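Accompanying notes for the structure given below.
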2 protein chains.
Amino acid sequence: MVNGRTPSVKDVAAAAGVSLGTVSNVMNRPEVVSPTTRERVERAMADLGFVRNESARQLRAGTSRTLAYVMLDGSNPFFHDVAQGIEMAAEDADLSLFICNSNSRAEREEVHLDRLMQQRVQGILITPVNPEATYLDDVAARGIPVVIVDRVHAGGTFCSVAVDDILGGRIAVEHLAEQGHTRVAVIGGPESIGQVRERLEGAREIWAELGLPPDDLVYLPTAALTVAEGRSAGERLAGLPTRRRPTAAFCANDLLALGLLQQTIGSGLRVPDDLAIVGFDDIEFAAAAAVPLTSVRQPRQELGRAAAHLVLDEATNPAHQHQQLIFTPELVARASTASRIRSF
Amino acid sequence: MVNGRTPSVKDVAAAAGVSLGTVSNVMNRPEVVSPTTRERVERAMADLGFVRNESARQLRAGTSRTLAYVMLDGSNPFFHDVAQGIEMAAEDADLSLFICNSNSRAEREEVHLDRLMQQRVQGILITPVNPEATYLDDVAARGIPVVIVDRVHAGGTFCSVAVDDILGGRIAVEHLAEQGHTRVAVIGGPESIGQVRERLEGAREIWAELGLPPDDLVYLPTAALTVAEGRSAGERLAGLPTRRRPTAAFCANDLLALGLLQQTIGSGLRVPDDLAIVGFDDIEFAAAAAVPLTSVRQPRQELGRAAAHLVLDEATNPAHQHQQLIFTPELVARASTASRIRSF
DNA sequence: GGGGTTCGTTGAAATGTTTCATACGGCGTA
DNA sequence: TACGCCGTATGAAACATTTCAACGAACCCC
């Protein structure tokens with residue numbers, strides 16, 4: 001403790017009667033220092049309550065021990081599962097993970113990136129508001145490895161890890177068609193979000209391939225991917241004339257689907273009998289809904305883990321090559337789409 | 001950019017034809033430098049792509065621009081809402097927030113704290129595995145402000161922000177009793193978690209005060225506060241002989257309640273008619289459940305915000321006094337406990 | 001025209017660590 | 001005995017920034 005100031009290596013060295021360099025060696029190359037002095041130094045550190053100053057270490061070493069993840073929406077559990085995957089990989093590499101949340105606002109994202117660059121983080125994982133934003137290129141240009149998570153960068157100038165969202169949309173709607181639905185709602189928005197665009201696109205693709213009339217795939221746009229917007233979409237759905245009303249809905253994510261589910265049941269309709277519902281992401285709460293939700297599963301933690309490995313490779317391997325990892329989504333069928341023709 | 005190295009103030013100074021100190025002034029005291037030189041320096045910074053090195057700044061200044069929150073369970077949305085409250089307060093103070101997750105493991109918590117001390121964060125907010133752990137005292141002893149979130153420290157040597165969990169347990173069970181329930185399950189665990197202990201304690205207290213027989217308050221312990229454990233508790237509940245089976249359940253948090261809700265509905269029983277359910281925390285998914293969940297609301301974001309203010313006060317105000325802030329929980333009644341005697 | 005004041009800029013010191021070339025002492029070998 | 005070697009320990013330099021005392025120039029007032 002000494003006179004109020006937090007002790008430095010210098011204080012430890014003085015207390016142990018050795019030089020600065022030796023104290024540093026005890027911390028970084030314990031094998032080169034003799035057991036007796038090492039013990040003496042360690043005791044001095046304990047006595048003084050010495051804590052290494054990471055800023056000084058980093059300044060000298062030029063490298064930090066942190067990774068960062070800038071997530072798109074902190075209120076969506078999906079991103080926390082991704083973060084957990086990153087965290088595990090970071091832990092294995094003995095790194096800390098700095099988690100930021102842009103809340104889907106580009107200017108917030110930019111502020112975070114700026115700070116992270118100042119911190120000289122080893123690498124940045126990001127689910128960007130817009131993967132083509134030029135400030136992402138600026139970050140990469142400064143030599144900081146950047147990996148896009150849950151999106152693909154058109155230019156291919158970053159690594160990226162994503163799920164095939166078009167395929168995800170396809171299998172969701174194909175599943176509904178297989179259950180005999182011939183009038184289906186697709187719910188999601190805003191279309192400025194790439195994931196949304198592609199999931200809807202996949203839905204339309206397969207609908208056309210199945211030879212079903214385009215008008216029977218009803219698009220209900222939403223302003224965000226939230227539970228509240230899901231409820232509101234449910235109200236609009238209920239307001240449609242019976243002849244036009246879909247018997248099934250594909251939502252662009254699980255939050256929407258949960259909101260829709262709630263609104264539907266609350267208004268006295270039955271799921272799946274009156275309305276079948278498919279979500280996307282397969283967050284934990286999807287399975288836990290009162291009517292367990294059919295959903296398109298993304299390998300959430302795996303996504304994060306893979307992204308972390310890519311960013312570390314770029315940071316440490318001079319021969320690193322950018323790659324675009326695409327995972328395959330998988331339909332998890334649950335009660336919310338249980339067949340209406342069960343006895344067949 | 002220059003020769004591969006990232007440019008420093010020195011490079012900027014050379015490019016702008018001024019001294020080191022002037023560049024620093026442009027960044028930290030723009031008002032003292034003349035408009036023309038300032039503009040010249042700013043252009044040089046932009047041209048070179050200069051990014052201030054935060055480690056060096058921090059080393060010299062002795063103070064970081066970060067707060068940290070060590071949360072107890074990253075899979076519980078409650079803690080993310082708390083984090084969001086902290087984040088907003090941090091943003092107002094122009095600080096970054098470092099979020100860590102101990103996953104309820106004390107050794108992980110200790111590792112995080114160690115790293116945060118090395119980073120010289122301005123303050124640490126923590127929902128600890130055990131508020132009496134000695135390593136928390138060690139952190140405080142090194143002069144880093146520590147605030148306990150969602151728990152109260154017995155010794156009162158830290159600030160803390162919490163909700164009155166005993167009261168929360170009381171109002172939950174009182175609500176059920178008011179609805180006419182005379183046999184109630186209380187579900188939660190492990191009891192090593194202080195929040196759980198107190199919520200159960202409050203339940204027992206009010207039960208006794210209402211003069212109801214202790215045996216009719218049935219305790220079902222769980223191994224964790226998760227959805228899966230909630231389901232498992234539901235199975236045990238269903239397995240009880242009809243005469244002994246409670247008509248209502250109070251769960252120590254919403255995840256348990258959601259699991260219980262799902263299991264109950266899945267097994268063909270109706271909520272609230274066959275089983276009324278009260279949760280705790282009032283996370284967003286509580287309202288969004290297919291049968292909207294009655295829950296004891298904690299002011300989640302407010303908790304985080306208040307904690308952040310306390311930690312900042314301790315960091316900056318020499319006259320700081322430790323305080324224990326206790327918020328009052330509030331019952332939010334929804335369909336999962338809608339009265340069985342509605343027509344009265 | 002000299003003394004004082006203000007404004008803008010400078011240069012050096014200081015922060016806590018790591019690294020690296022160097023020094024030292026003891027020991028085995030020629 | 002001289003030499004080289006090995007295992008340890010040392011001290012100084014370097015990292016990028018901030019801060020602060022000091023300095024020069026311009027200006028104002030008697």
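Ordered as shown in the structure tokens, chains take letters A, B, and onward, while each chain numbers its residues from 1 and ligands are numbered from 1 in the order shown.
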
(message) With DSSP run on the backbone, what are the strand (DSSP E or B) residues within segment 14-256 of chain A? I'd like them as a ChimeraX atom specification.
(response) /A:66-71,96-101,123-126,146-149,159-163,184-188,217-221,248-251

Keeping only N, CA and C atoms, write those residues as an mmCIF file, in the first residue's frame.
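selection_8.cif written:
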data_model
loop_
_atom_site.group_PDB
_atom_site.id
_atom_site.type_symbol
_atom_site.label_atom_id
_atom_site.label_comp_id
_atom_site.auth_asym_id
_atom_site.auth_seq_id
_atom_site.Cartn_x
_atom_site.Cartn_y
_atom_site.Cartn_z
ATOM 1 N N THR A 66 -7.087 -7.852 -25.186
ATOM 2 C CA THR A 66 -8.548 -7.826 -25.280
ATOM 3 C C THR A 66 -9.052 -7.949 -26.707
ATOM 4 N N LEU A 67 -10.197 -8.599 -26.783
ATOM 5 C CA LEU A 67 -10.984 -8.679 -27.995
ATOM 6 C C LEU A 67 -12.253 -7.874 -27.724
ATOM 7 N N ALA A 68 -12.933 -7.444 -28.775
ATOM 8 C CA ALA A 68 -14.175 -6.708 -28.561
ATOM 9 C C ALA A 68 -15.259 -7.246 -29.478
ATOM 10 N N TYR A 69 -16.475 -7.205 -28.966
ATOM 11 C CA TYR A 69 -17.620 -7.555 -29.798
ATOM 12 C C TYR A 69 -18.633 -6.418 -29.740
ATOM 13 N N VAL A 70 -18.940 -5.879 -30.888
ATOM 14 C CA VAL A 70 -19.946 -4.819 -30.966
ATOM 15 C C VAL A 70 -21.233 -5.456 -31.436
ATOM 16 N N MET A 71 -22.192 -5.594 -30.525
ATOM 17 C CA MET A 71 -23.398 -6.287 -30.951
ATOM 18 C C MET A 71 -24.490 -5.338 -31.397
ATOM 19 N N SER A 96 -9.378 -11.006 -22.662
ATOM 20 C CA SER A 96 -10.644 -10.503 -22.153
ATOM 21 C C SER A 96 -11.528 -10.089 -23.320
ATOM 22 N N LEU A 97 -12.822 -10.092 -23.080
ATOM 23 C CA LEU A 97 -13.754 -9.668 -24.120
ATOM 24 C C LEU A 97 -14.474 -8.405 -23.684
ATOM 25 N N PHE A 98 -14.433 -7.419 -24.537
ATOM 26 C CA PHE A 98 -15.091 -6.144 -24.320
ATOM 27 C C PHE A 98 -16.383 -6.164 -25.130
ATOM 28 N N ILE A 99 -17.516 -6.080 -24.456
ATOM 29 C CA ILE A 99 -18.790 -6.148 -25.168
ATOM 30 C C ILE A 99 -19.427 -4.768 -25.288
ATOM 31 N N CYS A 100 -19.742 -4.374 -26.485
ATOM 32 C CA CYS A 100 -20.423 -3.101 -26.704
ATOM 33 C C CYS A 100 -21.747 -3.373 -27.396
ATOM 34 N N ASN A 101 -22.629 -2.415 -27.335
ATOM 35 C CA ASN A 101 -23.961 -2.579 -27.888
ATOM 36 C C ASN A 101 -24.306 -1.338 -28.695
ATOM 37 N N GLY A 123 -8.515 -7.300 -31.735
ATOM 38 C CA GLY A 123 -9.387 -7.541 -32.877
ATOM 39 C C GLY A 123 -10.809 -7.162 -32.525
ATOM 40 N N ILE A 124 -11.589 -6.901 -33.563
ATOM 41 C CA ILE A 124 -12.972 -6.479 -33.356
ATOM 42 C C ILE A 124 -13.915 -7.413 -34.098
ATOM 43 N N LEU A 125 -14.852 -7.960 -33.348
ATOM 44 C CA LEU A 125 -15.939 -8.717 -33.965
ATOM 45 C C LEU A 125 -17.150 -7.804 -33.959
ATOM 46 N N ILE A 126 -17.876 -7.806 -35.036
ATOM 47 C CA ILE A 126 -19.007 -6.879 -35.086
ATOM 48 C C ILE A 126 -20.155 -7.410 -35.921
ATOM 49 N N VAL A 146 -10.761 -7.270 -38.292
ATOM 50 C CA VAL A 146 -12.198 -7.099 -38.122
ATOM 51 C C VAL A 146 -12.890 -8.327 -38.691
ATOM 52 N N VAL A 147 -13.817 -8.880 -37.944
ATOM 53 C CA VAL A 147 -14.612 -9.985 -38.462
ATOM 54 C C VAL A 147 -16.088 -9.629 -38.340
ATOM 55 N N ILE A 148 -16.794 -9.808 -39.445
ATOM 56 C CA ILE A 148 -18.226 -9.536 -39.464
ATOM 57 C C ILE A 148 -18.968 -10.779 -38.985
ATOM 58 N N VAL A 149 -19.857 -10.580 -38.046
ATOM 59 C CA VAL A 149 -20.592 -11.717 -37.495
ATOM 60 C C VAL A 149 -22.055 -11.629 -37.907
ATOM 61 N N CYS A 159 -12.982 -11.017 -42.968
ATOM 62 C CA CYS A 159 -13.527 -12.329 -42.692
ATOM 63 C C CYS A 159 -14.967 -12.135 -42.247
ATOM 64 N N SER A 160 -15.762 -13.149 -42.446
ATOM 65 C CA SER A 160 -17.116 -13.073 -41.917
ATOM 66 C C SER A 160 -17.610 -14.463 -41.563
ATOM 67 N N VAL A 161 -18.551 -14.479 -40.649
ATOM 68 C CA VAL A 161 -19.157 -15.728 -40.208
ATOM 69 C C VAL A 161 -20.652 -15.491 -40.213
ATOM 70 N N ALA A 162 -21.372 -16.307 -40.918
ATOM 71 C CA ALA A 162 -22.802 -16.068 -41.011
ATOM 72 C C ALA A 162 -23.542 -17.365 -41.259
ATOM 73 N N VAL A 163 -24.837 -17.243 -41.232
ATOM 74 C CA VAL A 163 -25.692 -18.364 -41.572
ATOM 75 C C VAL A 163 -26.332 -18.018 -42.897
ATOM 76 N N VAL A 184 -49.684 -17.789 -46.505
ATOM 77 C CA VAL A 184 -48.696 -17.601 -45.440
ATOM 78 C C VAL A 184 -48.293 -16.131 -45.332
ATOM 79 N N ALA A 185 -48.169 -15.668 -44.097
ATOM 80 C CA ALA A 185 -47.669 -14.312 -43.867
ATOM 81 C C ALA A 185 -46.165 -14.362 -43.637
ATOM 82 N N VAL A 186 -45.444 -13.409 -44.185
ATOM 83 C CA VAL A 186 -44.043 -13.239 -43.804
ATOM 84 C C VAL A 186 -43.937 -11.888 -43.116
ATOM 85 N N ILE A 187 -43.337 -11.923 -41.942
ATOM 86 C CA ILE A 187 -43.351 -10.753 -41.071
ATOM 87 C C ILE A 187 -41.930 -10.350 -40.725
ATOM 88 N N GLY A 188 -41.603 -9.090 -40.940
ATOM 89 C CA GLY A 188 -40.261 -8.645 -40.580
ATOM 90 C C GLY A 188 -39.952 -7.270 -41.138
ATOM 91 N N LEU A 217 -48.659 -15.095 -50.524
ATOM 92 C CA LEU A 217 -47.589 -14.884 -49.553
ATOM 93 C C LEU A 217 -47.692 -13.419 -49.142
ATOM 94 N N VAL A 218 -48.259 -13.195 -47.974
ATOM 95 C CA VAL A 218 -48.608 -11.831 -47.553
ATOM 96 C C VAL A 218 -47.486 -11.226 -46.725
ATOM 97 N N TYR A 219 -46.971 -10.104 -47.195
ATOM 98 C CA TYR A 219 -45.870 -9.486 -46.456
ATOM 99 C C TYR A 219 -46.388 -8.438 -45.482
ATOM 100 N N LEU A 220 -46.068 -8.609 -44.210
ATOM 101 C CA LEU A 220 -46.406 -7.603 -43.198
ATOM 102 C C LEU A 220 -45.117 -6.979 -42.692
ATOM 103 N N PRO A 221 -44.822 -5.754 -43.083
ATOM 104 C CA PRO A 221 -43.574 -5.122 -42.642
ATOM 105 C C PRO A 221 -43.662 -4.688 -41.182
ATOM 106 N N ALA A 248 -50.755 -19.335 -41.560
ATOM 107 C CA ALA A 248 -49.432 -19.545 -40.977
ATOM 108 C C ALA A 248 -48.608 -18.279 -41.154
ATOM 109 N N ALA A 249 -47.591 -18.131 -40.293
ATOM 110 C CA ALA A 249 -46.737 -16.952 -40.397
ATOM 111 C C ALA A 249 -45.282 -17.339 -40.196
ATOM 112 N N PHE A 250 -44.439 -16.717 -41.001
ATOM 113 C CA PHE A 250 -42.994 -16.875 -40.823
ATOM 114 C C PHE A 250 -42.457 -15.526 -40.371
ATOM 115 N N CYS A 251 -41.831 -15.501 -39.177
ATOM 116 C CA CYS A 251 -41.317 -14.252 -38.641
ATOM 117 C C CYS A 251 -39.801 -14.198 -38.806
#

Against chain A, which residues of chain C fall within 9 Å? For each one I want the closest pair of atoms and the distance in Å (one decimal), counting only C-alpha atoms (C1' of nucleotides), rows by chain and increasing residue number, as a tab-separated table.
residue	atom	partner	partner_atom	distance
C:DT15	C1'	A:Ala56	CA	8.3
C:DG16	C1'	A:Ala56	CA	5.1
C:DT17	C1'	A:Arg57	CA	4.8
C:DT18	C1'	A:Arg60	CA	6.0
C:DT19	C1'	A:Gly21	CA	9.0

Given the selection you just returned, output its residues as a file containing C-alpha atoms (C1' of nucleotides), formatted as an mmCIF file, in the first residue's frame.
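Final output, saved to result.cif:
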data_model
loop_
_atom_site.group_PDB
_atom_site.id
_atom_site.type_symbol
_atom_site.label_atom_id
_atom_site.label_comp_id
_atom_site.auth_asym_id
_atom_site.auth_seq_id
_atom_site.Cartn_x
_atom_site.Cartn_y
_atom_site.Cartn_z
ATOM 1 C "C1'" DT C 15 4.102 7.921 -15.928
ATOM 2 C "C1'" DG C 16 5.093 2.036 -15.166
ATOM 3 C "C1'" DT C 17 6.318 -1.393 -17.726
ATOM 4 C "C1'" DT C 18 9.267 -4.590 -20.956
ATOM 5 C "C1'" DT C 19 13.364 -5.698 -23.384
#

Chain D near chain A within 10 Å: what's each residue's closest atom pair and its distance in Å to one decimal, counting only C-alpha atoms (C1' of nucleotides), ordered by chain then ascending residue number, as JSON lines?
{"residue": "D:DG7", "atom": "C1'", "partner": "A:Val32", "partner_atom": "CA", "distance": 8.1}
{"residue": "D:DT8", "atom": "C1'", "partner": "A:Val33", "partner_atom": "CA", "distance": 6.6}
{"residue": "D:DA9", "atom": "C1'", "partner": "A:Thr22", "partner_atom": "CA", "distance": 6.8}
{"residue": "D:DT10", "atom": "C1'", "partner": "A:Ser19", "partner_atom": "CA", "distance": 6.4}
{"residue": "D:DG11", "atom": "C1'", "partner": "A:Gly21", "partner_atom": "CA", "distance": 8.3}
{"residue": "D:DA14", "atom": "C1'", "partner": "A:Arg60", "partner_atom": "CA", "distance": 7.6}
{"residue": "D:DC15", "atom": "C1'", "partner": "A:Arg60", "partner_atom": "CA", "distance": 4.6}
{"residue": "D:DA16", "atom": "C1'", "partner": "A:Leu59", "partner_atom": "CA", "distance": 7.3}
{"residue": "D:DT17", "atom": "C1'", "partner": "A:Leu59", "partner_atom": "CA", "distance": 9.9}

Write a file of the just-selected residues containing C-alpha atoms (C1' of nucleotides), as a tab-separated table (two decimals), in the first residue's frame.
chain	number	residue	atom	x	y	z
D	7	DG	C1'	22.99	-19.09	-15.14
D	8	DT	C1'	21.42	-14.74	-13.00
D	9	DA	C1'	20.92	-10.16	-12.30
D	10	DT	C1'	21.28	-5.30	-13.77
D	11	DG	C1'	20.45	-0.63	-15.80
D	14	DA	C1'	11.94	2.82	-25.33
D	15	DC	C1'	6.85	3.10	-25.60
D	16	DA	C1'	3.03	7.57	-26.49
D	17	DT	C1'	1.05	10.57	-24.01

(request) For DC20 of chain D, please output as a PyMOL selection string all residues within 10 Å (counting only C-alpha atoms (C1' of nucleotides); exclusion window: fewer than 2 positions along the same chain). (result) (chain C and resi 12-13) or (chain D and resi 18+22)

Residues just named, written with N, CA and C atoms (P, O5', C5', C4', C3', O3' and C1' of nucleotides) as a PDB file, in the first residue's frame:
ATOM      1  P    DA C  12      14.458  19.984 -24.656  1.00  0.00           P
ATOM      2  O5'  DA C  12      14.143  19.619 -23.117  1.00  0.00           O
ATOM      3  C5'  DA C  12      13.824  20.672 -22.203  1.00  0.00           C
ATOM      4  C4'  DA C  12      13.228  20.072 -20.942  1.00  0.00           C
ATOM      5  C3'  DA C  12      13.707  18.663 -20.608  1.00  0.00           C
ATOM      6  O3'  DA C  12      13.705  18.516 -19.210  1.00  0.00           O
ATOM      7  C1'  DA C  12      11.403  18.607 -20.934  1.00  0.00           C
ATOM      8  P    DA C  13      14.465  17.336 -18.508  1.00  0.00           P
ATOM      9  O5'  DA C  13      13.414  16.842 -17.409  1.00  0.00           O
ATOM     10  C5'  DA C  13      12.652  17.816 -16.697  1.00  0.00           C
ATOM     11  C4'  DA C  13      11.388  17.164 -16.180  1.00  0.00           C
ATOM     12  C3'  DA C  13      11.585  15.749 -15.621  1.00  0.00           C
ATOM     13  O3'  DA C  13      10.800  15.622 -14.458  1.00  0.00           O
ATOM     14  C1'  DA C  13       9.938  15.707 -17.297  1.00  0.00           C
TER      15       DA C  13
ATOM     16  P    DT D  18      -2.873  13.055 -24.430  1.00  0.00           P
ATOM     17  O5'  DT D  18      -2.215  13.501 -23.044  1.00  0.00           O
ATOM     18  C5'  DT D  18      -2.621  12.853 -21.850  1.00  0.00           C
ATOM     19  C4'  DT D  18      -1.911  13.483 -20.671  1.00  0.00           C
ATOM     20  C3'  DT D  18      -2.277  14.949 -20.416  1.00  0.00           C
ATOM     21  O3'  DT D  18      -2.529  15.080 -19.030  1.00  0.00           O
ATOM     22  C1'  DT D  18       0.075  14.721 -20.617  1.00  0.00           C
ATOM     23  P    DA D  22       9.846  28.296 -14.123  1.00  0.00           P
ATOM     24  O5'  DA D  22      10.082  28.640 -15.658  1.00  0.00           O
ATOM     25  C5'  DA D  22      10.828  27.721 -16.456  1.00  0.00           C
ATOM     26  C4'  DA D  22      10.750  28.181 -17.888  1.00  0.00           C
ATOM     27  C3'  DA D  22      10.990  29.686 -18.084  1.00  0.00           C
ATOM     28  O3'  DA D  22      11.920  29.856 -19.133  1.00  0.00           O
ATOM     29  C1'  DA D  22       9.032  29.007 -19.194  1.00  0.00           C
TER      30       DA D  22
END

(message) At a cut-off of 9 Å, which residues of chain B touch chain A? Count only C-alpha atoms and give the answer as a PyMOL selection string.
(response) chain B and resi 1+4+6+49+51-59+74-77+80-81+84+96-100+112+114-115+117-120+138+141-143+227-228+231+258-259+261-266+284-285+287-292

(request) Taking the chain letters and numbering used in this document, name the residues of segment 149-341 of chain A that DSSP puts in helix (DSSP H, G or I), as a VMD selection string. (result) chain A and resid 165 to 178 194 to 209 214 to 216 227 to 239 254 to 266 284 to 288 300 to 316 335 to 337

(request) For segment 316-323 of chain A, list every protein, DNA or RNA residue within 8 Å, evaluated using only C-alpha atoms (C1' of nucleotides), and leave out those in the same chain fewer than 3 positions away; present the list as number ranges by chain. (result) A: 156-160, 312-313

(message) Would you pick out the contacts of Ala106 of chain A at 9 Å or less, using only C-alpha atoms (C1' of nucleotides), so that residues sharing its chain but fewer than 6 positions from it are not included, and give the list as JSON, numbers by chain?
(response) {"A": [128, 129, 130, 133]}

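You will find atom CA of Arg297 of chain B at 18.1 Å from atom CA of Val152 of chain B.
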